[in-house]
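Take a look at the structure below.
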Amino acid sequence: MASWNLRLGRYFGIPIDIHWTFWLLLIYVFFDGVANDGTPAEALVSVIFVVTLFACVVLHELGHALTARRFGITTRDITLYPIGGVARLERIPERPIEELLVAIAGPLVNVVIAGSLFLAGVRLPENAGQPTALTRTDFFSSLLLVNCVLVFFNLLPAFPMDGGRILRAFLAMFTDYVRATRIAAAMGQFMAILFGFLGLSGLPMMLFIALFVWLGATGEAGSVEQRFLLKDARVRDAMLVNYSRVRDTDTLGDVVKRLLSGSQSEFPVYDSTTERAVGLLTRNILISSLASLGADGLVKDCPIESLGTGQAKRSLIDAIQEMREASQSCLEVVDDNGVVVGLLTQENLAEFIMVRSAMKSGA
């Protein structure tokens, strides 16, 4: 969890966080209510309504998370942002029917909430189709309206939103997963353009949603393509075997010579006494340290990065995921006996993916 986030606790074993930007939304709602000829008490009611609305969003995300758990998929956390909530699943369901059920579980939670309010006697406001529907009606009627809107909005085929995932799951029943993702992502990008036009027409929040949908569709499409290319690859297949190491007592001038004489841009750093890896010296750190310490400066005085370790026989996809989560740019690769046999770098990994892509295209 980021240091600026607030953890509300764990529910059903799932951590729930509030992103720091969420507080900006509450502050805005309060002062906007006061500025529009409202009393502080009325503005506070608006804040309470937003909090209640996001409680419904949490239940929505728990619907996804608990359904995914039924298929053996854990949820790392649920985070609330001003534009909604995000449940970070450990992985995407592999079977289309599983993804379909996980995706539809969230909107169904809002259907249950709306249905419960309706059975309790709550009705939609008469001005439901007007912009003032949420500001000029009673609390529970507004809550019913919002849950109905959430159902409709989340079912739009705007991948990676719920409707887009439902679309991909449906397509994956008739074609391969990668092609289904491409089609769903293209639809998501189209919807993002529509959201963008709505945002420029006087609904600024839609601009943020448009950006989220566009980046999400593009990012997940690329991620799925990568998983397809690397589904049978191991760390040993992409690791760098011939590479240079440096000691913490080496001068920056010596390391620069190695940088210029080859294609390697990341150097594992070893303790000169214990001969054990203590970190990683990247090209950017080397150049910035060279400017401040000079060529005679020592590697041990540089702010080196952490260096992870990965098994040579491990799935390459799992290793990449671990590197992303740990914000590591490089892994030292070891065999079953713990002996170092290679180095997995981002640069070599990118080259390996390009080669795989070319081979798949040729095939």
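By order in the structure tokens, chains are A, B, ...; within a chain, residues start at 1; ligands start at 1, following the order shown.
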Can you list, as a ChimeraX atom specification, all residues belonging to segment 6-57 of chain A that DSSP tags as helix (DSSP H, G or I)? /A:20-35,40-57
For the selection you just gave me, I'd like the residues written to a file as a compact mmCIF listing (two decimals), in the first residue's frame, keeping C-alpha atoms.
```txt
# COMPACT_ATOMS: atom_id res chain seq x y z
CA TRP A 20 -5.19 9.87 -1.15
CA THR A 21 -6.96 11.58 -4.06
CA PHE A 22 -10.30 10.37 -2.67
CA TRP A 23 -9.99 12.93 0.12
CA LEU A 24 -9.81 15.68 -2.50
CA LEU A 25 -13.20 14.55 -3.79
CA LEU A 26 -14.78 14.79 -0.31
CA ILE A 27 -13.25 18.24 0.25
CA TYR A 28 -14.53 19.40 -3.13
CA VAL A 29 -18.05 18.07 -2.45
CA PHE A 30 -18.19 19.86 0.91
CA PHE A 31 -16.99 23.27 -0.27
CA ASP A 32 -18.99 23.06 -3.49
CA GLY A 33 -22.11 22.46 -1.39
CA VAL A 34 -21.37 25.48 0.79
CA ALA A 35 -20.53 27.66 -2.23
CA PRO A 40 -22.39 23.45 6.21
CA ALA A 41 -24.93 20.91 7.51
CA GLU A 42 -26.36 20.38 4.01
CA ALA A 43 -22.86 20.12 2.57
CA LEU A 44 -22.03 17.50 5.20
CA VAL A 45 -25.06 15.47 4.08
CA SER A 46 -23.65 15.56 0.54
CA VAL A 47 -20.34 14.23 1.86
CA ILE A 48 -22.15 11.44 3.73
CA PHE A 49 -24.00 10.59 0.53
CA VAL A 50 -20.70 10.27 -1.38
CA VAL A 51 -19.30 8.04 1.38
CA THR A 52 -22.44 5.88 1.24
CA LEU A 53 -22.15 5.71 -2.54
CA PHE A 54 -18.58 4.49 -2.28
CA ALA A 55 -19.66 1.91 0.28
CA CYS A 56 -21.81 0.54 -2.55
CA VAL A 57 -18.71 0.63 -4.76
```
May I have all residues of segment 216-362 of chain A that DSSP, computed from the backbone, assigns to strand (DSSP E), given as a ChimeraX atom specification? /A:246-247,266-270,277-282,308-311,330-334,340-345
How would the residues just chosen look if you wrote them out with N, CA and C atoms as a short mmCIF file (atom, residue, chain, number, x, y, z; two decimals), in the first residue's frame?
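result-v3.cif, written as the output of this step:
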```
data_model
loop_
_atom_site.label_atom_id
_atom_site.label_comp_id
_atom_site.auth_asym_id
_atom_site.auth_seq_id
_atom_site.Cartn_x
_atom_site.Cartn_y
_atom_site.Cartn_z
N VAL A 246 30.47 -5.88 -11.21
CA VAL A 246 31.39 -4.90 -10.63
C VAL A 246 31.44 -5.11 -9.12
N ARG A 247 32.54 -4.68 -8.52
CA ARG A 247 32.67 -4.72 -7.06
C ARG A 247 32.39 -3.34 -6.48
N GLU A 266 23.29 -2.48 -17.21
CA GLU A 266 22.99 -2.73 -15.79
C GLU A 266 24.04 -3.69 -15.25
N PHE A 267 24.61 -3.36 -14.10
CA PHE A 267 25.72 -4.14 -13.57
C PHE A 267 25.42 -4.62 -12.15
N PRO A 268 25.41 -5.93 -11.92
CA PRO A 268 25.28 -6.43 -10.54
C PRO A 268 26.48 -5.99 -9.72
N VAL A 269 26.23 -5.52 -8.51
CA VAL A 269 27.31 -5.05 -7.64
C VAL A 269 27.57 -6.09 -6.55
N TYR A 270 28.85 -6.48 -6.39
CA TYR A 270 29.24 -7.49 -5.40
C TYR A 270 30.11 -6.87 -4.31
N ALA A 277 26.25 -10.61 -3.94
CA ALA A 277 25.56 -9.51 -4.61
C ALA A 277 24.90 -8.60 -3.58
N VAL A 278 25.08 -7.29 -3.74
CA VAL A 278 24.50 -6.34 -2.80
C VAL A 278 23.54 -5.36 -3.48
N GLY A 279 23.47 -5.40 -4.80
CA GLY A 279 22.56 -4.48 -5.49
C GLY A 279 22.84 -4.40 -6.97
N LEU A 280 22.28 -3.38 -7.58
CA LEU A 280 22.37 -3.21 -9.02
C LEU A 280 22.72 -1.76 -9.34
N LEU A 281 23.70 -1.59 -10.23
CA LEU A 281 24.09 -0.26 -10.69
C LEU A 281 23.56 -0.09 -12.11
N THR A 282 22.57 0.79 -12.27
CA THR A 282 21.99 1.03 -13.59
C THR A 282 22.73 2.15 -14.30
N GLY A 308 17.01 -8.51 -7.40
CA GLY A 308 16.25 -9.69 -7.05
C GLY A 308 16.92 -10.97 -7.50
N THR A 309 16.35 -12.09 -7.08
CA THR A 309 16.87 -13.41 -7.46
C THR A 309 15.73 -14.25 -8.00
N GLY A 310 16.01 -14.98 -9.08
CA GLY A 310 14.98 -15.83 -9.68
C GLY A 310 15.54 -17.17 -10.11
N GLN A 311 14.72 -18.21 -9.99
CA GLN A 311 15.13 -19.54 -10.42
C GLN A 311 15.13 -19.64 -11.94
N CYS A 330 15.91 -5.79 -12.73
CA CYS A 330 16.83 -6.87 -13.06
C CYS A 330 16.74 -7.99 -12.02
N LEU A 331 16.97 -9.23 -12.47
CA LEU A 331 17.01 -10.39 -11.59
C LEU A 331 18.29 -11.17 -11.82
N GLU A 332 18.91 -11.60 -10.73
CA GLU A 332 20.04 -12.50 -10.82
C GLU A 332 19.47 -13.93 -10.87
N VAL A 333 19.84 -14.69 -11.87
CA VAL A 333 19.26 -16.01 -12.10
C VAL A 333 20.16 -17.08 -11.50
N VAL A 334 19.56 -18.00 -10.75
CA VAL A 334 20.31 -19.08 -10.11
C VAL A 334 19.72 -20.42 -10.51
N VAL A 340 24.78 -18.87 -9.39
CA VAL A 340 24.38 -17.84 -10.35
C VAL A 340 24.74 -18.28 -11.76
N VAL A 341 23.72 -18.27 -12.65
CA VAL A 341 23.94 -18.73 -14.03
C VAL A 341 23.60 -17.68 -15.07
N GLY A 342 23.03 -16.54 -14.65
CA GLY A 342 22.69 -15.52 -15.64
C GLY A 342 22.07 -14.30 -15.01
N LEU A 343 21.64 -13.39 -15.88
CA LEU A 343 21.05 -12.13 -15.45
C LEU A 343 19.84 -11.83 -16.35
N LEU A 344 18.71 -11.56 -15.74
CA LEU A 344 17.51 -11.21 -16.50
C LEU A 344 17.30 -9.71 -16.42
N THR A 345 17.51 -9.02 -17.54
CA THR A 345 17.37 -7.57 -17.58
C THR A 345 16.16 -7.18 -18.43
#
```
Go through A:Tyr81, A:Tyr177, A:Phe352, A:Phe140 and flag the residue nearest Phe118 of chain A, using only C-alpha atoms for the distances. A:Phe140
Give me the residues near Asn5 of chain A as a PDB file with C-alpha atoms, in the first residue's frame, where near means some atom within 12 Å (using only C-alpha atoms) and where sequence neighbours in that chain fewer than 3 positions away do not count.
```pdb
ATOM      1  CA  MET A   1       0.000   0.000   0.000  1.00  0.00           C
ATOM      2  CA  ALA A   2       1.275   3.448  -0.895  1.00  0.00           C
ATOM      3  CA  LEU A   8      -9.743   0.821   6.113  1.00  0.00           C
ATOM      4  CA  GLY A   9      -9.102  -2.749   7.172  1.00  0.00           C
ATOM      5  CA  PRO A  15      -7.341  -5.298   2.274  1.00  0.00           C
ATOM      6  CA  ILE A  16      -9.402  -2.209   1.400  1.00  0.00           C
ATOM      7  CA  ASP A  17      -7.562   1.079   0.858  1.00  0.00           C
ATOM      8  CA  ILE A  18      -8.564   4.668   0.146  1.00  0.00           C
ATOM      9  CA  HIS A  19      -6.310   6.445  -2.332  1.00  0.00           C
ATOM     10  CA  TRP A  20      -5.192   9.867  -1.152  1.00  0.00           C
ATOM     11  CA  THR A  21      -6.956  11.581  -4.065  1.00  0.00           C
ATOM     12  CA  PHE A  22     -10.296  10.372  -2.675  1.00  0.00           C
ATOM     13  CA  TRP A  23      -9.991  12.928   0.118  1.00  0.00           C
ATOM     14  CA  ILE A  78      -9.356  -3.086  -3.272  1.00  0.00           C
ATOM     15  CA  THR A  79      -8.560   0.613  -3.666  1.00  0.00           C
ATOM     16  CA  LEU A  80     -11.055   3.464  -3.838  1.00  0.00           C
ATOM     17  CA  TYR A  81     -10.341   6.330  -6.245  1.00  0.00           C
TER      18      TYR A  81
END
```
For a quick check of understanding, using only C-alpha atoms, which of A:Leu349, A:Val224, A:Met354, A:Ala192 has the smallest distance to Leu211 of chain A?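 Residue with the minimum atom-to-atom distance to Leu211 of chain A: A:Ala192.
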Here is a test: counting only C-alpha atoms, which residue of A:Leu293, A:Ala87, A:Leu167, A:Ile285 is nearest to Glu305 of chain A? A:Ile285
Straight-line distance linking atom CA of Asn110 of chain A with atom CA of Ala186 of chain A, stated in Å to one decimal: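 We find that atom CA of Asn110 of chain A and atom CA of Ala186 of chain A lie 26.9 Å from each other.
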Mind checking which residues fall within 6 Å of Gly106 of chain A, counting only C-alpha atoms, ignoring those fewer than 4 positions away in the same chain, and posting them as a ChimeraX atom specification? /A:60-61,63-64
